[in-house]
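Colleague: I'd like to ask some things about the structure below.
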Amino acid sequence: MRAYFVKRVLQGVVAIVGALLIVFVAQRLSGDPVALMLPMDAGEAEFAAMREALGLDKPLPAQFGIFMVNAVQGDFGDSYQWQAPAMTLLLERLPATLELALAGLVFALLLAVPLGVVSSVHRGGLVDRAAKVFAMLGQAVPGFWIGLLLILFVAVELQWLPAFGRGGLSNLVLPAIALGWYPVAAMTRTLRSSMLDILDSDYVRMERAIGLPERWIVWRYALRNAMVPLVTMIGVYFANMLGGAFVIEVVFAWPGIGRAVVDAVFARDFPVVQAGVVLAALVFVAVNLIVDLSYGLIDPRIRHAKA
Amino acid sequence: MLRVQDLKTHLFLKRGVLKAVDGVSFELAAGKTLGLIGESGSGKTMTGLSLLGLPPKPAGRIVGGTVSLDGRELIGLDEKTLADEVRGRQIAMISQDPMTSLNPVFTVGAQVAAPIRAHGLGGDSRRDAAHLAVEELQHVRVPAARQRARDYPHQFSGGMRQRVVAAMAIACRPRLLIADEPTSALDVTIQVQLMDLIERIQAETDAGLLFITHDLGIAARVCHRIAVMYAGRIVEAATAEQLYAEPRHPYTQGLLASVPRLGRRDKRLISIPGNPPDPLALPSGCAFHPRCPHATERCRVEAPPTVMAGDDQVACWLHA
Ligand SMILES: Nc1ncnc2c1ncn2[C@@H]1O[C@H](COP(=O)(O)OP(=O)(O)O)[C@@H](O)[C@H]1O
Ligand code: SF4
Ligand SMILES: [Mg+2]
């Protein structure tokens, strides 16, 4: 397990270095940043001075070296818009994005776990069939559309919950539903099919043969077995929610990273965009490491496996 | 103690109705061992599962017969009563494959404690049940039981896992123990140890033992009586001595002829010609007739009745 974990950490480092390289190359390909930073009527001398200040007059390998040294320290330069370090700007918004993604995940699980379990136990029953229809609808309707509908009905029409911004729990509900909407269908189906396999297994037959209550067998035992494949999905979708929350963040005016990066793209605020890309890679790697660790918690065979 | 009459368990499959158990009757007294033998697919496991009220879902259904244990009729009891009062409590089963019969993500201690807690025998606390579980593991001679209770199934060998399964089965001292080919997945030396263990447990608890096997050698060693199954029916049942000395049914005769005798110079396996029948399209009349050297026209048309000779039973026109 430990060797395996070290290997996964190293893989994560490689992935992040890859992201940095892409950011660096993209930056050099996207034209002269100095032109954006200086006023339209700036003279040749001012350009040269700026280039020198930014280190752009040095050969490419040296530039990459400087870029890497800065990047490791989290320094991607100052935002053109806000005149503050880009990474700091984003890190300030990280809690908002994490909060939203976690809430989305909780919403998805609150729906998917009971639906998946009940559909597998009463296969072909009412819940199973309803969940299938629901899943089809869910996959067909994008999250931002659900978000807009929620704003329209729940916030504007019924005025039950606020439509915009971040604050208390009431602000969190609607964007969490919009964000957590999409993975519900896939999670339900995954859980249902692994539960079906498990409920048909020899060890569940044994658990029945010694007279354990069906309630224990399903909710205490089989569900834990079924969590192993589900955790993979949770990791993937959580990472996607973190990275893909920007649409929902824009719709709900949520002050998260996604919205900041979208704003930065429109403003051609490259340092913020770059910091955003690298931060996304970091988060992705971190989520995957947590997923790897939690396998071991759920399944002792993985914990004890020699890498 | 146990009385099974005309038990029928059918599987309703897409391709048709599979009569896995089709009119099985036998009796078993406390402390005695009944062997259930027959080729793979003859319905032995399904018979055992039916006693527990656990035919495979969703296809399997017990469609007829009675099972009475200590005077109580079990067929027709609802699921909750079966789980609370019968399974694990009065009847328990040691299953065929120790490698897949334990839940991989729980410690063996927790798994042995589960039936104790479910049947309310562990006192009030989780700790008492865990303590009893360790005792049960010691009972089945798992070395260093206290430490090993905290280990997971994958950390045990096949033989040790089967002991854990046995501990789960006997934890609540059932009246009837069903052992479904408990040794078929194990090495010979481990087989002998496990058989000794099962016999010892049976002697201690005075339980009836239904011993399912296709190994005639082991059956001869441990069983008082033996019932031979073919295509979902018992074709012959007799005391072990009677059955080995004077098999009445042509199928039993064929089986015995195919047992390799240790120490004999001629070790060639004389097996019964032909293949086991397609369970979805059983031959007419006596299901054994396509493979039977004594088959007559009548055997092809009409199924033989089960005839009692004292306590013994046989279903063959030669003995009708
Ligand atoms: N879950 C199942 N679904 C369909 N057929 C089954 C199932 N389990 C057993 N069978 C069939 O029922 C018959 C009896 O099986 P079984 O009782 O397991 O035989 P044995 O234990 O004597 O080898 C076989 O023909 C087998 O193929
Ligand atoms: S009834 Fe006929 S076919 Fe069947 S075993 Fe007896 S002799 Fe053979
Ligand atoms: Mg079997």
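A note on labels: chains of the structure tokens are A, B, ... as shown, every chain counts residues from 1, and ligands are counted from 1 in their shown order.
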For A:Phe64, work out the shell of residues within 12 Å, counting only C-alpha atoms and skipping chain neighbours fewer than 4 positions away, then give it as an MDAnalysis selection string.
Modeller: chainID A and resid 17 20:25 27:28 55:56 58:60 68:71
Colleague: Just write the chosen residues, C-alpha atoms, as a PDB file, in the first residue's frame.
Modeller:
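Contents of part.pdb, as written:
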```pdb
ATOM      1  CA  VAL A  17       4.757  19.258 -14.235  1.00  0.00           C
ATOM      2  CA  LEU A  20       2.997  23.544 -16.033  1.00  0.00           C
ATOM      3  CA  LEU A  21       4.757  22.773 -19.311  1.00  0.00           C
ATOM      4  CA  ILE A  22       1.536  23.159 -21.247  1.00  0.00           C
ATOM      5  CA  VAL A  23       0.835  26.457 -19.517  1.00  0.00           C
ATOM      6  CA  PHE A  24       4.321  27.708 -20.336  1.00  0.00           C
ATOM      7  CA  VAL A  25       4.154  26.718 -24.000  1.00  0.00           C
ATOM      8  CA  GLN A  27       1.790  31.372 -22.898  1.00  0.00           C
ATOM      9  CA  ARG A  28       4.656  31.725 -25.393  1.00  0.00           C
ATOM     10  CA  GLY A  55      12.650  38.118 -18.254  1.00  0.00           C
ATOM     11  CA  LEU A  56      11.253  37.729 -21.761  1.00  0.00           C
ATOM     12  CA  LYS A  58      16.305  35.604 -22.105  1.00  0.00           C
ATOM     13  CA  PRO A  59      16.528  32.331 -24.132  1.00  0.00           C
ATOM     14  CA  LEU A  60      13.534  29.957 -23.829  1.00  0.00           C
ATOM     15  CA  MET A  68       9.246  26.793 -12.953  1.00  0.00           C
ATOM     16  CA  VAL A  69      11.030  28.343  -9.988  1.00  0.00           C
ATOM     17  CA  ASN A  70       8.231  30.879  -9.696  1.00  0.00           C
ATOM     18  CA  ALA A  71       5.503  28.304 -10.277  1.00  0.00           C
TER      19      ALA A  71
END
```
Colleague: Tell me, which residues of stretch 53-186 of chain B carry DSSP strand (DSSP E or B), written as a list of chain:residue names?
Modeller: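 So the strand (DSSP E or B) residues in stretch 53-186 of chain B would be B:Gly60, B:Arg61, B:Ile62, B:Val63, B:Gly64, B:Gly65, B:Thr66, B:Val67, B:Ser68, B:Leu69, B:Arg72, B:Glu73, B:Arg87, B:Ile91, B:Ala92, B:Met93, B:Ile94, B:Leu176, B:Leu177, B:Ile178, B:Ala179, B:Asp180.
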Colleague: Selected residues, N, CA, C and O atoms, written as an mmCIF file, in the first residue's frame, please.
Modeller:
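Written out: selection.cif:
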```cif
data_model
loop_
_atom_site.group_PDB
_atom_site.id
_atom_site.type_symbol
_atom_site.label_atom_id
_atom_site.label_comp_id
_atom_site.auth_asym_id
_atom_site.auth_seq_id
_atom_site.Cartn_x
_atom_site.Cartn_y
_atom_site.Cartn_z
ATOM 1 N N GLY B 60 -35.929 -19.504 -8.417
ATOM 2 C CA GLY B 60 -36.254 -20.690 -7.639
ATOM 3 C C GLY B 60 -37.482 -20.540 -6.771
ATOM 4 O O GLY B 60 -37.725 -19.479 -6.192
ATOM 5 N N ARG B 61 -38.287 -21.613 -6.688
ATOM 6 C CA ARG B 61 -39.436 -21.587 -5.791
ATOM 7 C C ARG B 61 -39.692 -22.993 -5.271
ATOM 8 O O ARG B 61 -39.598 -23.957 -6.020
ATOM 9 N N ILE B 62 -39.970 -23.088 -3.986
ATOM 10 C CA ILE B 62 -40.368 -24.378 -3.430
ATOM 11 C C ILE B 62 -41.828 -24.567 -3.796
ATOM 12 O O ILE B 62 -42.686 -23.787 -3.387
ATOM 13 N N VAL B 63 -42.109 -25.574 -4.611
ATOM 14 C CA VAL B 63 -43.475 -25.698 -5.119
ATOM 15 C C VAL B 63 -44.271 -26.788 -4.406
ATOM 16 O O VAL B 63 -45.474 -26.927 -4.638
ATOM 17 N N GLY B 64 -43.614 -27.557 -3.547
ATOM 18 C CA GLY B 64 -44.403 -28.565 -2.862
ATOM 19 C C GLY B 64 -43.602 -29.289 -1.805
ATOM 20 O O GLY B 64 -42.381 -29.168 -1.732
ATOM 21 N N GLY B 65 -44.311 -30.019 -0.964
ATOM 22 C CA GLY B 65 -43.656 -30.844 0.035
ATOM 23 C C GLY B 65 -43.692 -30.244 1.421
ATOM 24 O O GLY B 65 -44.180 -29.127 1.626
ATOM 25 N N THR B 66 -43.163 -30.999 2.377
ATOM 26 C CA THR B 66 -43.125 -30.532 3.756
ATOM 27 C C THR B 66 -41.731 -30.770 4.317
ATOM 28 O O THR B 66 -41.052 -31.711 3.931
ATOM 29 N N VAL B 67 -41.323 -29.871 5.193
ATOM 30 C CA VAL B 67 -40.067 -30.038 5.919
ATOM 31 C C VAL B 67 -40.390 -29.796 7.379
ATOM 32 O O VAL B 67 -40.743 -28.674 7.752
ATOM 33 N N SER B 68 -40.318 -30.823 8.199
ATOM 34 C CA SER B 68 -40.607 -30.553 9.600
ATOM 35 C C SER B 68 -39.377 -30.834 10.453
ATOM 36 O O SER B 68 -38.688 -31.838 10.284
ATOM 37 N N LEU B 69 -39.080 -29.861 11.300
ATOM 38 C CA LEU B 69 -37.894 -29.958 12.152
ATOM 39 C C LEU B 69 -38.373 -29.896 13.598
ATOM 40 O O LEU B 69 -38.999 -28.915 14.003
ATOM 41 N N ARG B 72 -41.909 -28.923 13.864
ATOM 42 C CA ARG B 72 -42.402 -27.648 13.341
ATOM 43 C C ARG B 72 -42.293 -27.629 11.820
ATOM 44 O O ARG B 72 -41.234 -27.946 11.275
ATOM 45 N N GLU B 73 -43.382 -27.257 11.171
ATOM 46 C CA GLU B 73 -43.367 -27.201 9.716
ATOM 47 C C GLU B 73 -42.669 -25.917 9.244
ATOM 48 O O GLU B 73 -43.005 -24.820 9.678
ATOM 49 N N ARG B 87 -32.956 -19.949 10.189
ATOM 50 C CA ARG B 87 -31.630 -19.911 9.574
ATOM 51 C C ARG B 87 -30.562 -19.505 10.585
ATOM 52 O O ARG B 87 -30.677 -18.477 11.252
ATOM 53 N N ILE B 91 -31.112 -24.357 11.684
ATOM 54 C CA ILE B 91 -30.449 -25.027 10.567
ATOM 55 C C ILE B 91 -29.321 -24.124 10.078
ATOM 56 O O ILE B 91 -29.526 -22.926 9.923
ATOM 57 N N ALA B 92 -28.157 -24.679 9.864
ATOM 58 C CA ALA B 92 -27.081 -23.865 9.301
ATOM 59 C C ALA B 92 -26.348 -24.671 8.251
ATOM 60 O O ALA B 92 -26.374 -25.898 8.246
ATOM 61 N N MET B 93 -25.699 -23.937 7.361
ATOM 62 C CA MET B 93 -25.084 -24.592 6.215
ATOM 63 C C MET B 93 -23.621 -24.174 6.099
ATOM 64 O O MET B 93 -23.300 -22.998 6.199
ATOM 65 N N ILE B 94 -22.767 -25.157 5.917
ATOM 66 C CA ILE B 94 -21.373 -24.876 5.569
ATOM 67 C C ILE B 94 -21.287 -25.022 4.065
ATOM 68 O O ILE B 94 -21.563 -26.083 3.525
ATOM 69 N N LEU B 176 -29.684 -28.750 13.078
ATOM 70 C CA LEU B 176 -29.344 -29.436 11.826
ATOM 71 C C LEU B 176 -28.204 -28.680 11.141
ATOM 72 O O LEU B 176 -28.282 -27.477 10.932
ATOM 73 N N LEU B 177 -27.159 -29.417 10.825
ATOM 74 C CA LEU B 177 -26.026 -28.819 10.127
ATOM 75 C C LEU B 177 -25.969 -29.423 8.726
ATOM 76 O O LEU B 177 -25.993 -30.646 8.564
ATOM 77 N N ILE B 178 -25.955 -28.539 7.737
ATOM 78 C CA ILE B 178 -25.827 -29.016 6.362
ATOM 79 C C ILE B 178 -24.413 -28.683 5.913
ATOM 80 O O ILE B 178 -23.990 -27.535 6.006
ATOM 81 N N ALA B 179 -23.665 -29.692 5.487
ATOM 82 C CA ALA B 179 -22.318 -29.431 4.992
ATOM 83 C C ALA B 179 -22.313 -29.751 3.508
ATOM 84 O O ALA B 179 -22.452 -30.903 3.109
ATOM 85 N N ASP B 180 -22.214 -28.711 2.681
ATOM 86 C CA ASP B 180 -22.306 -28.889 1.233
ATOM 87 C C ASP B 180 -20.911 -29.015 0.633
ATOM 88 O O ASP B 180 -20.240 -28.015 0.406
#
```
Colleague: Show which residues sit within 6 Å of stretch 162-166 of chain B, as a list of chain:residue names. Count only C-alpha atoms, and ignore same-chain residues fewer than 3 positions away.
Modeller: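 Non-adjacent residues within range: B:Ile94, B:Pro98, B:Val140, B:Gly159, B:Ala169.
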Colleague: How would you write, as a PDB file with N, CA and C atoms, in the first residue's frame, the set of residues no farther than 8 Å from ligand 2 when counting only C-alpha atoms and all ligand atoms?
Modeller:
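The resulting out00.pdb:
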```pdb
ATOM      1  N   HIS B 249     -29.943 -49.960  -6.733  1.00  0.00           N
ATOM      2  CA  HIS B 249     -30.280 -49.211  -7.947  1.00  0.00           C
ATOM      3  C   HIS B 249     -29.134 -49.279  -8.955  1.00  0.00           C
ATOM      4  N   PRO B 250     -29.433 -49.471 -10.211  1.00  0.00           N
ATOM      5  CA  PRO B 250     -28.365 -49.559 -11.217  1.00  0.00           C
ATOM      6  C   PRO B 250     -27.437 -48.327 -11.219  1.00  0.00           C
ATOM      7  N   TYR B 251     -27.993 -47.144 -10.894  1.00  0.00           N
ATOM      8  CA  TYR B 251     -27.140 -45.947 -10.844  1.00  0.00           C
ATOM      9  C   TYR B 251     -26.134 -46.055  -9.699  1.00  0.00           C
ATOM     10  N   GLY B 285     -40.118 -41.341 -18.488  1.00  0.00           N
ATOM     11  CA  GLY B 285     -40.051 -42.516 -17.615  1.00  0.00           C
ATOM     12  C   GLY B 285     -38.993 -42.360 -16.545  1.00  0.00           C
ATOM     13  N   CYS B 286     -38.148 -43.382 -16.389  1.00  0.00           N
ATOM     14  CA  CYS B 286     -37.038 -43.294 -15.441  1.00  0.00           C
ATOM     15  C   CYS B 286     -35.961 -42.425 -16.064  1.00  0.00           C
ATOM     16  N   ALA B 287     -35.573 -41.351 -15.368  1.00  0.00           N
ATOM     17  CA  ALA B 287     -34.629 -40.395 -15.945  1.00  0.00           C
ATOM     18  C   ALA B 287     -33.274 -41.038 -16.235  1.00  0.00           C
ATOM     19  N   PHE B 288     -33.010 -42.184 -15.621  1.00  0.00           N
ATOM     20  CA  PHE B 288     -31.714 -42.832 -15.799  1.00  0.00           C
ATOM     21  C   PHE B 288     -31.710 -43.780 -17.000  1.00  0.00           C
ATOM     22  N   HIS B 289     -32.855 -43.999 -17.635  1.00  0.00           N
ATOM     23  CA  HIS B 289     -32.933 -45.108 -18.597  1.00  0.00           C
ATOM     24  C   HIS B 289     -31.939 -45.018 -19.765  1.00  0.00           C
ATOM     25  N   PRO B 290     -31.589 -43.803 -20.279  1.00  0.00           N
ATOM     26  CA  PRO B 290     -30.647 -43.828 -21.404  1.00  0.00           C
ATOM     27  C   PRO B 290     -29.259 -44.367 -21.023  1.00  0.00           C
ATOM     28  N   ARG B 291     -28.946 -44.366 -19.726  1.00  0.00           N
ATOM     29  CA  ARG B 291     -27.620 -44.829 -19.316  1.00  0.00           C
ATOM     30  C   ARG B 291     -27.693 -46.180 -18.600  1.00  0.00           C
ATOM     31  N   CYS B 292     -28.885 -46.731 -18.449  1.00  0.00           N
ATOM     32  CA  CYS B 292     -29.043 -47.918 -17.607  1.00  0.00           C
ATOM     33  C   CYS B 292     -28.891 -49.205 -18.424  1.00  0.00           C
ATOM     34  N   PRO B 293     -28.015 -50.096 -17.950  1.00  0.00           N
ATOM     35  CA  PRO B 293     -27.841 -51.366 -18.676  1.00  0.00           C
ATOM     36  C   PRO B 293     -29.057 -52.285 -18.580  1.00  0.00           C
ATOM     37  N   HIS B 294     -29.955 -52.041 -17.603  1.00  0.00           N
ATOM     38  CA  HIS B 294     -31.099 -52.927 -17.417  1.00  0.00           C
ATOM     39  C   HIS B 294     -32.394 -52.330 -17.931  1.00  0.00           C
ATOM     40  N   ALA B 295     -32.298 -51.229 -18.662  1.00  0.00           N
ATOM     41  CA  ALA B 295     -33.516 -50.514 -19.048  1.00  0.00           C
ATOM     42  C   ALA B 295     -34.414 -51.374 -19.924  1.00  0.00           C
ATOM     43  N   THR B 296     -35.708 -51.314 -19.640  1.00  0.00           N
ATOM     44  CA  THR B 296     -36.680 -52.025 -20.469  1.00  0.00           C
ATOM     45  C   THR B 296     -37.620 -51.009 -21.088  1.00  0.00           C
ATOM     46  N   ARG B 298     -40.682 -50.506 -20.451  1.00  0.00           N
ATOM     47  CA  ARG B 298     -41.468 -49.882 -19.393  1.00  0.00           C
ATOM     48  C   ARG B 298     -40.720 -48.696 -18.772  1.00  0.00           C
ATOM     49  N   CYS B 299     -39.376 -48.845 -18.555  1.00  0.00           N
ATOM     50  CA  CYS B 299     -38.554 -47.777 -17.969  1.00  0.00           C
ATOM     51  C   CYS B 299     -38.616 -46.512 -18.821  1.00  0.00           C
ATOM     52  N   ARG B 300     -38.748 -46.710 -20.149  1.00  0.00           N
ATOM     53  CA  ARG B 300     -38.749 -45.550 -21.049  1.00  0.00           C
ATOM     54  C   ARG B 300     -40.053 -44.768 -20.953  1.00  0.00           C
ATOM     55  N   ALA B 303     -42.325 -43.712 -15.035  1.00  0.00           N
ATOM     56  CA  ALA B 303     -41.349 -43.507 -13.959  1.00  0.00           C
ATOM     57  C   ALA B 303     -41.573 -44.538 -12.863  1.00  0.00           C
ATOM     58  N   PRO B 304     -40.511 -45.134 -12.326  1.00  0.00           N
ATOM     59  CA  PRO B 304     -40.701 -46.149 -11.283  1.00  0.00           C
ATOM     60  C   PRO B 304     -41.128 -45.509  -9.972  1.00  0.00           C
ATOM     61  N   ALA B 315     -35.989 -46.532  -6.059  1.00  0.00           N
ATOM     62  CA  ALA B 315     -36.921 -46.210  -7.135  1.00  0.00           C
ATOM     63  C   ALA B 315     -36.400 -46.824  -8.429  1.00  0.00           C
ATOM     64  N   CYS B 316     -36.789 -48.043  -8.669  1.00  0.00           N
ATOM     65  CA  CYS B 316     -36.348 -48.733  -9.886  1.00  0.00           C
ATOM     66  C   CYS B 316     -37.327 -49.862 -10.177  1.00  0.00           C
ATOM     67  N   TRP B 317     -37.646 -50.059 -11.446  1.00  0.00           N
ATOM     68  CA  TRP B 317     -38.601 -51.122 -11.810  1.00  0.00           C
ATOM     69  C   TRP B 317     -38.088 -52.498 -11.431  1.00  0.00           C
ATOM     70  N   LEU B 318     -36.767 -52.661 -11.342  1.00  0.00           N
ATOM     71  CA  LEU B 318     -36.215 -53.965 -10.969  1.00  0.00           C
ATOM     72  C   LEU B 318     -36.643 -54.346  -9.556  1.00  0.00           C
ATOM     73  N   HIS B 319     -36.954 -53.329  -8.736  1.00  0.00           N
ATOM     74  CA  HIS B 319     -37.291 -53.590  -7.331  1.00  0.00           C
ATOM     75  C   HIS B 319     -38.730 -53.217  -7.010  1.00  0.00           C
TER      76      HIS B 319
END
```
Colleague: Residues of chain A within 8 Å of chain B, using only C-alpha atoms, as a ChimeraX atom specification?
Modeller: /A:201-206,208-213,224-225,298-301
Colleague: Which chains and residue numbers are within 10 Å of ligand 3, counting only C-alpha atoms and all ligand atoms, if I want them as a ChimeraX atom specification?
Modeller: /B:37-49,95-97,180-181,212-214
Colleague: Quick one: write out the picked residues with N, CA, C and O atoms as a PDB file, in the first residue's frame?
Modeller:
```pdb
ATOM      1  N   ILE B  37     -25.527 -38.025  -1.894  1.00  0.00           N
ATOM      2  CA  ILE B  37     -24.501 -38.111  -2.927  1.00  0.00           C
ATOM      3  C   ILE B  37     -25.138 -38.138  -4.304  1.00  0.00           C
ATOM      4  O   ILE B  37     -26.348 -38.368  -4.457  1.00  0.00           O
ATOM      5  N   GLY B  38     -24.322 -37.882  -5.304  1.00  0.00           N
ATOM      6  CA  GLY B  38     -24.821 -37.851  -6.673  1.00  0.00           C
ATOM      7  C   GLY B  38     -23.914 -36.968  -7.509  1.00  0.00           C
ATOM      8  O   GLY B  38     -23.142 -36.176  -6.974  1.00  0.00           O
ATOM      9  N   GLU B  39     -24.045 -37.118  -8.826  1.00  0.00           N
ATOM     10  CA  GLU B  39     -23.204 -36.329  -9.717  1.00  0.00           C
ATOM     11  C   GLU B  39     -23.524 -34.839  -9.572  1.00  0.00           C
ATOM     12  O   GLU B  39     -24.590 -34.466  -9.082  1.00  0.00           O
ATOM     13  N   SER B  40     -22.597 -34.032 -10.044  1.00  0.00           N
ATOM     14  CA  SER B  40     -22.813 -32.591 -10.032  1.00  0.00           C
ATOM     15  C   SER B  40     -24.060 -32.256 -10.859  1.00  0.00           C
ATOM     16  O   SER B  40     -24.262 -32.804 -11.938  1.00  0.00           O
ATOM     17  N   GLY B  41     -24.904 -31.407 -10.321  1.00  0.00           N
ATOM     18  CA  GLY B  41     -26.124 -31.008 -11.020  1.00  0.00           C
ATOM     19  C   GLY B  41     -27.336 -31.855 -10.667  1.00  0.00           C
ATOM     20  O   GLY B  41     -28.425 -31.628 -11.182  1.00  0.00           O
ATOM     21  N   SER B  42     -27.164 -32.823  -9.765  1.00  0.00           N
ATOM     22  CA  SER B  42     -28.292 -33.709  -9.462  1.00  0.00           C
ATOM     23  C   SER B  42     -29.276 -33.075  -8.476  1.00  0.00           C
ATOM     24  O   SER B  42     -30.344 -33.632  -8.225  1.00  0.00           O
ATOM     25  N   GLY B  43     -28.925 -31.917  -7.901  1.00  0.00           N
ATOM     26  CA  GLY B  43     -29.888 -31.213  -7.047  1.00  0.00           C
ATOM     27  C   GLY B  43     -29.552 -31.262  -5.569  1.00  0.00           C
ATOM     28  O   GLY B  43     -30.382 -30.916  -4.728  1.00  0.00           O
ATOM     29  N   LYS B  44     -28.325 -31.639  -5.226  1.00  0.00           N
ATOM     30  CA  LYS B  44     -27.949 -31.763  -3.814  1.00  0.00           C
ATOM     31  C   LYS B  44     -27.938 -30.408  -3.122  1.00  0.00           C
ATOM     32  O   LYS B  44     -28.558 -30.215  -2.066  1.00  0.00           O
ATOM     33  N   THR B  45     -27.231 -29.443  -3.714  1.00  0.00           N
ATOM     34  CA  THR B  45     -27.164 -28.113  -3.114  1.00  0.00           C
ATOM     35  C   THR B  45     -28.554 -27.495  -3.009  1.00  0.00           C
ATOM     36  O   THR B  45     -28.918 -26.895  -1.982  1.00  0.00           O
ATOM     37  N   MET B  46     -29.341 -27.685  -4.068  1.00  0.00           N
ATOM     38  CA  MET B  46     -30.682 -27.090  -4.078  1.00  0.00           C
ATOM     39  C   MET B  46     -31.546 -27.694  -2.968  1.00  0.00           C
ATOM     40  O   MET B  46     -32.367 -27.005  -2.372  1.00  0.00           O
ATOM     41  N   THR B  47     -31.340 -28.987  -2.683  1.00  0.00           N
ATOM     42  CA  THR B  47     -32.068 -29.617  -1.579  1.00  0.00           C
ATOM     43  C   THR B  47     -31.690 -28.939  -0.257  1.00  0.00           C
ATOM     44  O   THR B  47     -32.562 -28.559   0.537  1.00  0.00           O
ATOM     45  N   GLY B  48     -30.371 -28.751  -0.049  1.00  0.00           N
ATOM     46  CA  GLY B  48     -29.917 -28.104   1.184  1.00  0.00           C
ATOM     47  C   GLY B  48     -30.473 -26.693   1.314  1.00  0.00           C
ATOM     48  O   GLY B  48     -30.987 -26.305   2.368  1.00  0.00           O
ATOM     49  N   LEU B  49     -30.396 -25.921   0.225  1.00  0.00           N
ATOM     50  CA  LEU B  49     -30.892 -24.540   0.270  1.00  0.00           C
ATOM     51  C   LEU B  49     -32.395 -24.506   0.523  1.00  0.00           C
ATOM     52  O   LEU B  49     -32.905 -23.600   1.189  1.00  0.00           O
ATOM     53  N   SER B  95     -20.939 -23.925   3.398  1.00  0.00           N
ATOM     54  CA  SER B  95     -21.106 -23.934   1.952  1.00  0.00           C
ATOM     55  C   SER B  95     -19.902 -24.512   1.246  1.00  0.00           C
ATOM     56  O   SER B  95     -18.869 -24.802   1.826  1.00  0.00           O
ATOM     57  N   GLN B  96     -20.102 -24.643  -0.050  1.00  0.00           N
ATOM     58  CA  GLN B  96     -19.194 -25.377  -0.908  1.00  0.00           C
ATOM     59  C   GLN B  96     -17.817 -24.736  -1.036  1.00  0.00           C
ATOM     60  O   GLN B  96     -16.806 -25.414  -0.987  1.00  0.00           O
ATOM     61  N   ASP B  97     -17.773 -23.411  -1.184  1.00  0.00           N
ATOM     62  CA  ASP B  97     -16.509 -22.783  -1.553  1.00  0.00           C
ATOM     63  C   ASP B  97     -16.048 -21.795  -0.481  1.00  0.00           C
ATOM     64  O   ASP B  97     -16.581 -20.694  -0.377  1.00  0.00           O
ATOM     65  N   ASP B 180     -22.214 -28.711   2.681  1.00  0.00           N
ATOM     66  CA  ASP B 180     -22.306 -28.889   1.233  1.00  0.00           C
ATOM     67  C   ASP B 180     -20.911 -29.015   0.633  1.00  0.00           C
ATOM     68  O   ASP B 180     -20.240 -28.015   0.406  1.00  0.00           O
ATOM     69  N   GLU B 181     -20.503 -30.219   0.377  1.00  0.00           N
ATOM     70  CA  GLU B 181     -19.173 -30.490  -0.166  1.00  0.00           C
ATOM     71  C   GLU B 181     -18.124 -29.627   0.517  1.00  0.00           C
ATOM     72  O   GLU B 181     -17.383 -28.898  -0.143  1.00  0.00           O
ATOM     73  N   ILE B 212     -23.433 -33.388   2.211  1.00  0.00           N
ATOM     74  CA  ILE B 212     -23.548 -33.443   0.759  1.00  0.00           C
ATOM     75  C   ILE B 212     -22.165 -33.651   0.160  1.00  0.00           C
ATOM     76  O   ILE B 212     -21.218 -32.952   0.520  1.00  0.00           O
ATOM     77  N   THR B 213     -22.053 -34.609  -0.728  1.00  0.00           N
ATOM     78  CA  THR B 213     -20.733 -34.842  -1.324  1.00  0.00           C
ATOM     79  C   THR B 213     -20.889 -35.597  -2.631  1.00  0.00           C
ATOM     80  O   THR B 213     -21.928 -36.196  -2.906  1.00  0.00           O
ATOM     81  N   HIS B 214     -19.874 -35.537  -3.470  1.00  0.00           N
ATOM     82  CA  HIS B 214     -19.861 -36.507  -4.566  1.00  0.00           C
ATOM     83  C   HIS B 214     -18.692 -37.468  -4.386  1.00  0.00           C
ATOM     84  O   HIS B 214     -18.348 -38.220  -5.275  1.00  0.00           O
TER      85      HIS B 214
END
```
